[in-house]
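Content type mmCIF, C-alpha atoms (C1' of nucleotides), from the file work.cif:
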```
data_protein
loop_
_atom_site.label_atom_id
_atom_site.label_comp_id
_atom_site.auth_asym_id
_atom_site.auth_seq_id
_atom_site.Cartn_x
_atom_site.Cartn_y
_atom_site.Cartn_z
CA MET Q 228 -62.80 9.93 -69.88
CA ALA Q 229 -60.77 12.07 -67.49
CA ARG Q 230 -60.62 15.71 -68.47
CA VAL Q 231 -57.14 17.12 -69.22
CA VAL Q 232 -56.69 20.90 -69.34
CA GLY Q 233 -53.37 22.64 -69.94
CA HIS Q 234 -52.12 26.14 -69.27
CA VAL Q 235 -48.99 27.64 -70.83
CA ASP Q 236 -47.34 30.86 -69.76
CA VAL Q 237 -44.16 32.30 -71.30
CA ASP Q 238 -41.54 33.25 -68.69
CA TYR Q 239 -41.00 37.03 -68.12
CA PHE Q 240 -42.38 37.51 -71.61
CA TYR Q 241 -41.42 41.03 -72.80
CA ALA Q 242 -37.96 40.87 -71.26
CA GLN Q 243 -37.31 37.38 -72.62
CA VAL Q 244 -38.26 38.52 -76.14
CA GLU Q 245 -35.67 41.28 -75.77
CA GLU Q 246 -33.07 38.73 -74.64
CA VAL Q 247 -33.76 36.56 -77.67
CA GLU Q 248 -33.34 39.55 -79.95
CA ASN Q 249 -30.05 40.44 -78.26
CA PRO Q 250 -28.60 37.43 -76.38
CA THR Q 251 -25.58 39.40 -75.15
CA ILE Q 252 -27.79 41.10 -72.51
CA LYS Q 253 -29.17 38.00 -70.86
CA ASP Q 254 -26.83 37.95 -67.86
CA ARG Q 255 -27.63 41.58 -67.09
CA PRO Q 256 -30.79 43.00 -65.47
CA VAL Q 257 -33.28 43.62 -68.32
CA VAL Q 258 -36.17 45.99 -67.66
CA VAL Q 259 -38.94 46.63 -70.20
CA CYS Q 260 -40.52 50.00 -69.48
CA VAL Q 261 -43.72 51.84 -70.37
CA PHE Q 262 -42.71 55.50 -70.61
CA SER Q 263 -45.69 57.85 -70.20
CA GLY Q 264 -43.91 60.87 -71.68
CA ARG Q 265 -44.84 63.22 -68.84
CA THR Q 266 -41.22 63.60 -67.70
CA GLU Q 267 -38.02 61.89 -68.81
CA ASP Q 268 -38.47 58.78 -66.65
CA SER Q 269 -42.12 58.83 -65.66
CA GLY Q 270 -43.77 55.50 -66.28
CA VAL Q 271 -43.67 51.98 -64.90
CA VAL Q 272 -41.92 48.67 -65.43
CA GLY Q 273 -43.81 46.32 -67.77
CA THR Q 274 -41.74 43.33 -66.83
CA ALA Q 275 -38.18 42.46 -65.88
CA ASN Q 276 -35.99 39.37 -66.22
CA TYR Q 277 -35.05 37.27 -63.19
CA VAL Q 278 -31.64 38.97 -62.88
CA ALA Q 279 -33.45 42.28 -62.31
CA ARG Q 280 -36.01 40.66 -60.00
CA GLU Q 281 -33.16 39.72 -57.65
CA PHE Q 282 -32.91 43.45 -56.94
CA GLY Q 283 -36.63 43.93 -56.35
CA VAL Q 284 -37.40 45.18 -59.85
CA LYS Q 285 -40.75 43.80 -61.07
CA SER Q 286 -43.89 44.69 -63.02
CA GLY Q 287 -45.72 47.82 -61.95
CA ILE Q 288 -43.02 49.70 -60.03
CA PRO Q 289 -42.07 53.21 -61.17
CA ILE Q 290 -39.16 53.38 -63.63
CA VAL Q 291 -37.25 55.76 -61.37
CA VAL Q 292 -37.46 53.25 -58.52
CA ALA Q 293 -36.22 50.47 -60.80
CA LYS Q 294 -33.27 52.57 -61.94
CA LYS Q 295 -32.34 53.40 -58.36
CA ARG Q 296 -32.41 49.73 -57.37
CA LEU Q 297 -30.21 48.82 -60.31
CA GLN Q 298 -27.64 51.56 -59.89
CA GLY Q 299 -24.20 50.13 -60.61
CA LYS Q 300 -25.70 46.81 -61.78
CA ASP Q 301 -25.25 47.49 -65.50
CA PRO Q 302 -29.00 47.32 -66.30
CA VAL Q 303 -30.52 47.22 -69.79
CA ILE Q 304 -33.49 49.61 -69.98
CA VAL Q 305 -35.74 48.91 -72.96
CA ARG Q 306 -38.81 50.76 -74.20
CA MET Q 307 -41.86 48.52 -74.46
CA ASP Q 308 -42.64 47.64 -78.09
CA HIS Q 309 -46.11 46.22 -77.97
CA ALA Q 310 -46.41 45.48 -81.69
CA LYS Q 311 -43.25 43.39 -81.56
CA TYR Q 312 -44.48 41.28 -78.63
CA GLU Q 313 -47.88 40.90 -80.27
CA ALA Q 314 -46.25 39.41 -83.36
CA VAL Q 315 -44.26 36.91 -81.26
CA SER Q 316 -47.41 36.09 -79.31
CA ASP Q 317 -49.33 35.35 -82.51
CA ARG Q 318 -46.66 32.89 -83.65
CA ILE Q 319 -46.57 31.14 -80.26
CA MET Q 320 -50.36 30.73 -80.23
CA GLU Q 321 -50.22 29.18 -83.71
CA LEU Q 322 -47.55 26.76 -82.50
CA VAL Q 323 -49.66 25.71 -79.52
CA ARG Q 324 -52.68 25.43 -81.77
CA SER Q 325 -50.85 22.99 -84.03
CA HIS Q 326 -50.59 20.54 -81.09
CA VAL Q 327 -54.09 20.82 -79.64
CA ASP Q 328 -57.76 20.79 -80.61
CA VAL Q 329 -58.91 23.86 -78.69
CA ILE Q 330 -56.93 26.87 -77.47
CA GLU Q 331 -58.11 29.85 -75.44
CA LYS Q 332 -55.72 32.79 -75.30
CA THR Q 333 -56.09 34.63 -72.00
CA GLY Q 334 -53.26 37.15 -72.24
CA ILE Q 335 -50.44 38.15 -74.57
CA ASP Q 336 -48.24 35.34 -73.24
CA GLU Q 337 -50.63 32.72 -71.91
CA ALA Q 338 -53.32 30.30 -73.01
CA PHE Q 339 -55.43 27.36 -71.92
CA PHE Q 340 -55.65 24.29 -74.12
CA ASP Q 341 -57.61 21.04 -73.97
CA LEU Q 342 -55.93 17.64 -74.30
CA THR Q 343 -58.81 15.44 -73.18
CA SER Q 344 -59.48 13.69 -76.46
CA SER Q 345 -55.95 13.77 -77.88
CA SER Q 346 -54.60 12.11 -74.70
CA HIS Q 347 -57.64 9.84 -74.21
CA GLY Q 348 -57.66 11.18 -70.66
CA ASP Q 349 -54.23 9.69 -69.96
CA TYR Q 350 -52.01 12.13 -68.06
CA LYS Q 351 -48.80 10.41 -69.24
CA ILE Q 352 -49.77 10.93 -72.87
CA ALA Q 353 -50.88 14.48 -72.08
CA ALA Q 354 -47.55 15.23 -70.43
CA GLY Q 355 -45.81 14.06 -73.60
CA ILE Q 356 -47.87 16.42 -75.76
CA ALA Q 357 -47.26 19.28 -73.32
CA THR Q 358 -43.53 18.60 -73.46
CA ARG Q 359 -43.64 18.81 -77.24
CA ILE Q 360 -45.44 22.16 -76.98
CA LYS Q 361 -42.74 23.45 -74.64
CA ASN Q 362 -39.98 22.15 -76.90
CA SER Q 363 -41.44 23.61 -80.06
CA ILE Q 364 -41.75 27.08 -78.47
CA LEU Q 365 -38.11 26.73 -77.40
CA GLU Q 366 -36.93 25.56 -80.82
CA GLU Q 367 -38.97 27.93 -82.96
CA GLU Q 368 -38.89 31.07 -80.81
CA HIS Q 369 -36.04 30.35 -78.36
CA LEU Q 370 -38.40 31.17 -75.49
CA THR Q 371 -38.87 29.19 -72.29
CA CYS Q 372 -42.31 28.78 -70.78
CA SER Q 373 -44.08 27.16 -67.84
CA VAL Q 374 -46.79 24.57 -68.31
CA GLY Q 375 -49.41 23.12 -66.01
CA LEU Q 376 -51.80 20.20 -66.53
CA GLY Q 377 -54.85 19.44 -64.44
CA ARG Q 378 -58.46 18.38 -64.58
CA SER Q 379 -59.86 21.90 -64.84
CA LYS Q 380 -58.81 25.41 -65.81
CA VAL Q 381 -58.41 26.38 -62.17
CA VAL Q 382 -56.04 23.48 -61.52
CA ALA Q 383 -54.08 23.92 -64.79
CA LYS Q 384 -53.48 27.61 -64.11
CA LEU Q 385 -52.32 26.97 -60.55
CA ALA Q 386 -50.08 24.17 -61.84
CA SER Q 387 -48.35 26.41 -64.39
CA ASP Q 388 -47.84 28.96 -61.63
CA ALA Q 389 -46.16 26.29 -59.55
CA ALA Q 390 -43.99 25.36 -62.55
CA LYS Q 391 -42.42 28.82 -62.89
CA PRO Q 392 -39.93 29.47 -64.23
CA GLY Q 393 -39.52 27.11 -67.10
CA GLY Q 394 -40.95 23.93 -65.64
CA MET Q 395 -43.95 21.67 -66.02
CA VAL Q 396 -46.27 20.54 -63.24
CA VAL Q 397 -48.71 17.71 -63.90
CA VAL Q 398 -51.59 17.32 -61.46
CA PRO Q 399 -53.52 14.16 -62.29
CA PRO Q 400 -56.98 13.77 -60.67
CA GLU Q 401 -55.73 11.65 -57.79
CA THR Q 402 -53.27 14.30 -56.57
CA THR Q 403 -55.56 17.30 -57.07
CA GLU Q 404 -56.69 17.39 -53.48
CA SER Q 405 -53.21 17.50 -52.00
CA PHE Q 406 -52.01 19.96 -54.65
CA LEU Q 407 -54.82 22.46 -53.96
CA GLY Q 408 -55.07 21.83 -50.25
CA ASP Q 409 -52.87 24.46 -48.64
CA LEU Q 410 -53.53 27.26 -51.12
CA ASP Q 411 -55.39 30.35 -49.94
CA VAL Q 412 -58.93 30.61 -51.37
CA ILE Q 413 -58.04 33.98 -52.95
CA LYS Q 414 -55.90 32.05 -55.44
CA LEU Q 415 -59.02 30.50 -56.95
CA TYR Q 416 -60.26 32.09 -60.13
CA GLY Q 417 -63.61 33.68 -59.33
CA VAL Q 418 -62.71 34.49 -55.74
CA GLY Q 419 -61.99 38.19 -55.20
CA PRO Q 420 -61.26 40.03 -51.95
CA LYS Q 421 -64.94 40.31 -50.92
CA THR Q 422 -65.67 36.65 -51.51
CA ALA Q 423 -62.47 35.66 -49.72
CA GLU Q 424 -63.44 37.80 -46.74
CA ALA Q 425 -66.95 36.33 -46.62
CA LEU Q 426 -65.41 32.85 -46.69
CA GLY Q 427 -63.08 33.86 -43.87
CA GLU Q 428 -66.12 34.76 -41.76
CA LEU Q 429 -67.27 31.17 -42.20
CA GLY Q 430 -63.84 30.00 -41.02
CA ILE Q 431 -62.79 28.97 -44.53
CA ARG Q 432 -59.31 30.08 -45.55
CA THR Q 433 -57.71 27.31 -47.59
CA VAL Q 434 -58.91 25.62 -50.74
CA ALA Q 435 -59.04 22.31 -48.85
CA GLU Q 436 -61.37 23.78 -46.23
CA LEU Q 437 -63.59 25.09 -49.01
CA ALA Q 438 -63.50 21.75 -50.81
CA HIS Q 439 -64.80 20.01 -47.70
CA THR Q 440 -67.72 22.43 -47.31
CA GLU Q 441 -71.02 21.38 -48.86
CA ALA Q 442 -72.44 23.72 -51.51
CA ALA Q 443 -75.66 23.91 -49.49
CA THR Q 444 -73.71 25.38 -46.54
CA LEU Q 445 -72.35 28.15 -48.79
CA GLU Q 446 -75.70 29.09 -50.33
CA GLY Q 447 -76.74 31.36 -47.46
CA SER Q 448 -73.77 33.67 -48.01
CA PHE Q 449 -73.21 33.41 -51.75
CA GLY Q 450 -76.42 32.39 -53.51
CA LYS Q 451 -76.95 29.17 -55.36
CA SER Q 452 -74.78 29.64 -58.41
CA LEU Q 453 -71.63 31.05 -56.76
CA ALA Q 454 -71.96 28.47 -53.96
CA HIS Q 455 -72.06 25.68 -56.51
CA TYR Q 456 -69.07 27.09 -58.38
CA LEU Q 457 -66.97 27.48 -55.21
CA HIS Q 458 -67.64 23.91 -54.24
CA GLU Q 459 -66.74 22.56 -57.68
CA ALA Q 460 -63.65 24.76 -58.23
CA SER Q 461 -62.14 23.94 -54.86
CA ASN Q 462 -62.41 20.27 -55.74
CA GLY Q 463 -60.76 20.87 -59.12
CA LEU Q 464 -64.05 20.15 -60.84
CA ASP Q 465 -64.98 23.55 -62.25
CA ALA Q 466 -66.65 22.75 -65.56
CA ASP Q 467 -65.80 25.93 -67.48
CA PRO Q 468 -64.65 24.65 -70.88
CA VAL Q 469 -61.57 25.74 -72.81
CA LYS Q 470 -63.16 27.75 -75.61
CA GLU Q 471 -61.87 29.52 -78.68
CA ASN Q 472 -61.68 33.29 -78.16
CA GLU Q 473 -64.57 35.46 -79.19
CA ALA Q 474 -64.29 39.05 -80.35
CA PRO Q 475 -63.18 41.42 -77.56
CA ALA Q 476 -66.01 42.90 -75.49
CA GLN Q 477 -64.53 46.36 -75.08
CA PHE Q 478 -61.84 48.72 -76.36
CA SER Q 479 -60.21 51.54 -74.49
CA ARG Q 480 -57.51 54.17 -74.80
CA ILE Q 481 -55.95 55.94 -71.87
CA ILE Q 482 -53.26 58.59 -71.71
CA THR Q 483 -51.21 60.43 -69.12
CA LEU Q 484 -51.82 64.19 -69.16
CA LYS Q 485 -48.91 66.60 -69.60
CA SER Q 486 -50.09 68.26 -66.41
CA ASP Q 487 -52.94 67.60 -63.99
CA THR Q 488 -56.30 69.28 -64.62
CA THR Q 489 -60.01 69.13 -63.83
CA ASP Q 490 -61.05 70.89 -67.02
CA PRO Q 491 -63.18 68.57 -69.23
CA GLU Q 492 -62.28 70.50 -72.39
CA GLU Q 493 -58.57 70.24 -71.62
CA ALA Q 494 -58.92 66.51 -70.99
CA MET Q 495 -60.76 66.15 -74.30
CA SER Q 496 -58.17 68.06 -76.27
CA GLN Q 497 -55.29 65.96 -74.94
CA LEU Q 498 -57.34 62.85 -75.70
CA ALA Q 499 -57.87 63.78 -79.36
CA ALA Q 500 -55.21 61.46 -80.77
CA ALA Q 501 -56.29 58.56 -78.57
CA GLU Q 502 -59.90 59.11 -79.59
CA ALA Q 503 -58.94 59.10 -83.26
CA ASP Q 504 -56.96 55.91 -82.76
CA LEU Q 505 -59.88 54.19 -81.04
CA ARG Q 506 -62.19 55.37 -83.80
CA SER Q 507 -59.94 53.91 -86.49
CA LYS Q 508 -59.77 50.62 -84.63
CA LEU Q 509 -63.57 50.50 -84.51
CA ALA Q 510 -63.81 51.40 -88.19
CA SER Q 511 -61.34 48.71 -89.21
CA LYS Q 512 -63.53 46.14 -87.46
CA ASN Q 513 -66.83 47.59 -88.69
CA THR Q 514 -67.82 47.93 -85.07
CA SER Q 515 -70.26 50.25 -83.31
CA PHE Q 516 -70.99 50.47 -79.60
CA ARG Q 517 -73.82 51.29 -77.23
CA THR Q 518 -71.87 52.23 -74.11
CA LEU Q 519 -69.34 55.03 -73.85
CA SER Q 520 -67.25 55.63 -70.71
CA ALA Q 521 -64.98 58.42 -69.56
CA ILE Q 522 -62.11 57.26 -67.35
CA ALA Q 523 -60.15 59.48 -65.00
CA ILE Q 524 -57.19 58.50 -62.85
CA LEU Q 525 -56.78 61.13 -60.15
CA THR Q 526 -53.62 62.53 -58.61
CA ASP Q 527 -53.78 59.88 -55.86
CA LEU Q 528 -53.96 57.23 -58.63
CA SER Q 529 -57.53 56.23 -57.77
CA THR Q 530 -59.80 55.57 -60.75
CA LYS Q 531 -63.19 57.13 -61.45
CA THR Q 532 -65.46 56.38 -64.39
CA ARG Q 533 -68.78 57.60 -65.73
CA SER Q 534 -70.61 55.96 -68.58
CA LYS Q 535 -73.60 56.46 -70.84
CA THR Q 536 -75.53 53.75 -72.66
CA PHE Q 537 -77.38 54.67 -75.85
CA GLU Q 538 -80.64 53.14 -77.10
CA ALA Q 539 -79.00 51.93 -80.28
CA PRO Q 540 -75.40 51.40 -81.41
CA ILE Q 541 -73.54 54.58 -82.35
CA ASN Q 542 -70.16 55.62 -83.72
CA ASP Q 543 -70.98 59.13 -84.85
CA LEU Q 544 -68.20 61.62 -84.09
CA SER Q 545 -70.23 64.58 -82.84
CA THR Q 546 -72.50 62.42 -80.67
CA VAL Q 547 -69.43 60.87 -79.07
CA ARG Q 548 -67.69 64.21 -78.52
CA SER Q 549 -70.61 65.85 -76.77
CA ALA Q 550 -71.32 62.78 -74.66
CA LEU Q 551 -67.67 62.65 -73.59
CA VAL Q 552 -67.61 66.29 -72.53
CA ASP Q 553 -70.73 65.54 -70.48
CA LEU Q 554 -69.15 62.54 -68.83
CA PHE Q 555 -65.89 64.31 -68.01
CA SER Q 556 -67.90 67.22 -66.58
CA GLN Q 557 -69.78 64.80 -64.33
CA LEU Q 558 -66.46 63.34 -63.25
CA SER Q 559 -64.84 66.65 -62.45
CA GLU Q 560 -67.88 67.67 -60.40
CA SER Q 561 -67.85 64.44 -58.44
CA VAL Q 562 -64.21 64.53 -57.30
CA ASP Q 563 -62.06 66.90 -55.30
CA ARG Q 564 -58.75 66.05 -56.93
CA GLU Q 565 -57.29 66.75 -60.34
CA PHE Q 566 -57.08 64.24 -63.21
CA ARG Q 567 -53.62 62.77 -63.82
CA ARG Q 568 -54.60 60.38 -66.60
CA VAL Q 569 -57.75 60.26 -68.72
CA GLY Q 570 -59.22 57.71 -71.08
CA ILE Q 571 -62.14 56.55 -73.19
CA ARG Q 572 -63.76 53.14 -73.24
CA VAL Q 573 -66.39 51.73 -75.58
CA SER Q 574 -68.31 48.56 -74.80
CA ASP Q 575 -71.49 46.70 -75.66
CA LEU Q 576 -70.01 46.32 -79.14
CA SER Q 577 -71.83 45.21 -82.27
CA THR Q 578 -70.68 44.47 -85.78
CA ASP Q 579 -72.16 46.72 -88.44
CA THR Q 580 -74.09 44.60 -90.89
CA SER Q 581 -74.86 47.21 -93.55
CA GLN Q 582 -73.52 45.90 -96.80
CA LYS Q 583 -70.66 47.95 -98.19
CA SER Q 584 -70.31 46.56 -101.68
CA LEU Q 585 -71.34 43.68 -103.82
CA ALA Q 586 -67.85 42.20 -103.51
CA GLU Q 587 -68.02 42.31 -99.73
CA PHE Q 588 -71.53 40.91 -99.80
CA VAL Q 589 -70.30 37.95 -101.83
CA GLU Q 590 -67.30 37.63 -99.52
CA ARG Q 591 -69.62 37.15 -96.55
CA LEU Q 592 -71.43 34.21 -98.09
"C1'" DG A 25 -84.89 34.68 -52.87
"C1'" DT A 26 -82.65 34.22 -57.12
"C1'" DA A 27 -81.55 35.75 -61.68
"C1'" DT A 28 -80.41 39.40 -64.83
"C1'" DG A 29 -78.58 43.61 -66.46
"C1'" DC A 30 -76.23 47.86 -65.85
"C1'" DT A 31 -72.53 50.75 -63.69
"C1'" DT A 32 -68.28 51.28 -61.27
"C1'" DT A 33 -64.13 49.53 -59.35
"C1'" DC A 34 -60.50 46.11 -58.95
"C1'" DG A 35 -56.68 43.54 -60.26
"C1'" DG A 36 -53.59 40.80 -63.51
"C1'" DC A 37 -50.42 41.11 -67.06
"C1'" DT O 22 -38.72 59.89 -49.00
"C1'" DT O 23 -41.29 59.99 -53.07
"C1'" DA O 24 -41.54 58.11 -57.18
"C1'" DC O 25 -46.50 55.56 -61.02
"C1'" DG O 26 -49.00 52.68 -67.80
"C1'" DG O 27 -52.27 51.01 -70.72
"C1'" DC O 28 -55.29 47.65 -71.51
"C1'" DC O 29 -58.43 43.97 -70.61
"C1'" DG O 30 -61.93 40.96 -68.19
"C1'" DA O 31 -63.51 39.89 -63.51
"C1'" DA O 32 -65.64 41.33 -59.35
"C1'" DA O 33 -68.71 43.98 -56.83
"C1'" DG O 34 -72.69 46.90 -55.99
"C1'" DC O 35 -77.06 48.09 -57.00
"C1'" DA O 36 -81.76 48.14 -59.24
"C1'" DT O 37 -85.23 45.65 -61.28
"C1'" DA O 38 -87.65 41.44 -62.86
"C1'" DC O 39 -89.55 37.02 -62.11
#
```
Could you rewrite the structure in this file as structure tokens?
Amino acid sequence: MARVVGHVDVDYFYAQVEEVENPTIKDRPVVVCVFSGRTEDSGVVGTANYVAREFGVKSGIPIVVAKKRLQGKDPVIVRMDHAKYEAVSDRIMELVRSHVDVIEKTGIDEAFFDLTSSSHGDYKIAAGIATRIKNSILEEEHLTCSVGLGRSKVVAKLASDAAKPGGMVVVPPETTESFLGDLDVIKLYGVGPKTAEALGELGIRTVAELAHTEAATLEGSFGKSLAHYLHEASNGLDADPVKENEAPAQFSRIITLKSDTTDPEEAMSQLAAAEADLRSKLASKNTSFRTLSAIAILTDLSTKTRSKTFEAPINDLSTVRSALVDLFSQLSESVDREFRRVGIRVSDLSTDTSQKSLAEFVERL
DNA sequence: GTATGCTTTCGGC
DNA sequence: TTACGGCCGAAAGCATAC
């Protein structure tokens, strides 16, 4: 049976949620901002609606730049409310789930889903189900989204991209080759800048050129497993299944300093609240970790990290504090610029299995 | 040589 | 002219193991 994978992506998510909450703003430029608190307008744009995008306002640009570009355009500047968007996201994912067998959330506003068995491999039936998913998100949440269908995750994701904004692109197996053909290899999931450059040295720039290259030819440059993947993915045959999400692999907290510094103790003191927040998140999930990282973003916005992996899982406050001071000291010695932002990351997570109470023990059965 | 695991950096949202 | 978040997983680089 032909495989059918879908990808759904809500259009300009944060800004569209704000429009739904207040429909009177939807013909004006809407800009959802992450304010860092360092100065009145320091921070960046989280996302903007298409009206704002007409003026060059998009994710990642500084708020002051966005305001300048929208001077006299009657913009709506909104503070990002992550908890609000998370709640909408949860409801959307449940809606999608109600139409499909397997769903894999890959971001706050996007997910893969599998329609192979429910459509019996028929792309017309699959398109009908996908349309119902789109319609139910519109009816229940008043949000538009873009949907792509294809025979693999790589194809489905590229199809939903091509469907933006608000459309649906169906790429059945027989049109996969022409759909992928002209795309640059960098668009393929799993191909980063280095891999793209190495492919370029072999004269391979488009997905079609990659698709027509035998895996054996790629092995010399990429090793057996990446070579095999590149060959499959470029033919729309990457086998990676849509799978239900597992627990997150890492947690982090990062803050912008009130003023730049290289002092590890100063970094630590400004991080206190973030550290406490991370600790409470870990506690609420009964989670410990083996790897602790200190993150520093320097004045030129480059990122430096140092990490330490423990023999056994830890979560003990004083162990963490002293290790962090160590790591930030290493960082400040290794760079010649000041820190602008600092953060903490924990990874290599494990769930604590010590039994807390009889009730909880019974609960786990 | 290829796989595996750890650390650091990159890049998408 | 410059301007500049917070979080995650993927990618890349390197060392070691087989």
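Here the PyMOL selection byres ((chain A) within 9 of (chain Q)) matches the residues DG25, DT26, DT31, DT32, DT33, DC34 and DC37 of chain A.
Note on the selection: in this file the PyMOL selection byres ((chain O) within 10 of (chain Q)) comes out as DT23, DA24, DC25, DG26, DG27, DC28, DC29, DG30, DA31, DA32 and DA33 of chain O.
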So which residues touch segment 28-30 of chain A within 10 Å, counting all atoms listed in the file, skipping near sequence neighbours fewer than 4 positions away, as a PDB file with C-alpha atoms (C1' of nucleotides), in the frame of the given file?
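Result file follows (out-v9.pdb):
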```pdb
ATOM      1  CA  THR Q 536     -75.530  53.750 -72.660  1.00  0.00           C
TER       2      THR Q 536
ATOM      3  C1'  DC O  35     -77.060  48.090 -57.000  1.00  0.00           C
ATOM      4  C1'  DA O  36     -81.760  48.140 -59.240  1.00  0.00           C
ATOM      5  C1'  DT O  37     -85.230  45.650 -61.280  1.00  0.00           C
ATOM      6  C1'  DA O  38     -87.650  41.440 -62.860  1.00  0.00           C
ATOM      7  C1'  DC O  39     -89.550  37.020 -62.110  1.00  0.00           C
TER       8       DC O  39
END
```
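As for atom CA of Leu509 of chain Q and atom CA of Thr489 of chain Q, they are spaced 28.1 Å apart.
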Hey, what comes out of the PyMOL selection byres ((chain Q and resi 459) around 12) on this file? Could you write it as a PyMOL selection string? chain Q and resi 378-382+415-417+434-435+437-442+445+452-458+460-467
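The spacing separating atom CA of Ala275 of chain Q from atom CA of Ile356 of chain Q amounts to 29.5 Å.
Note that the spacing between atom CA of Pro256 of chain Q and atom CA of Val323 of chain Q amounts to 29.2 Å.
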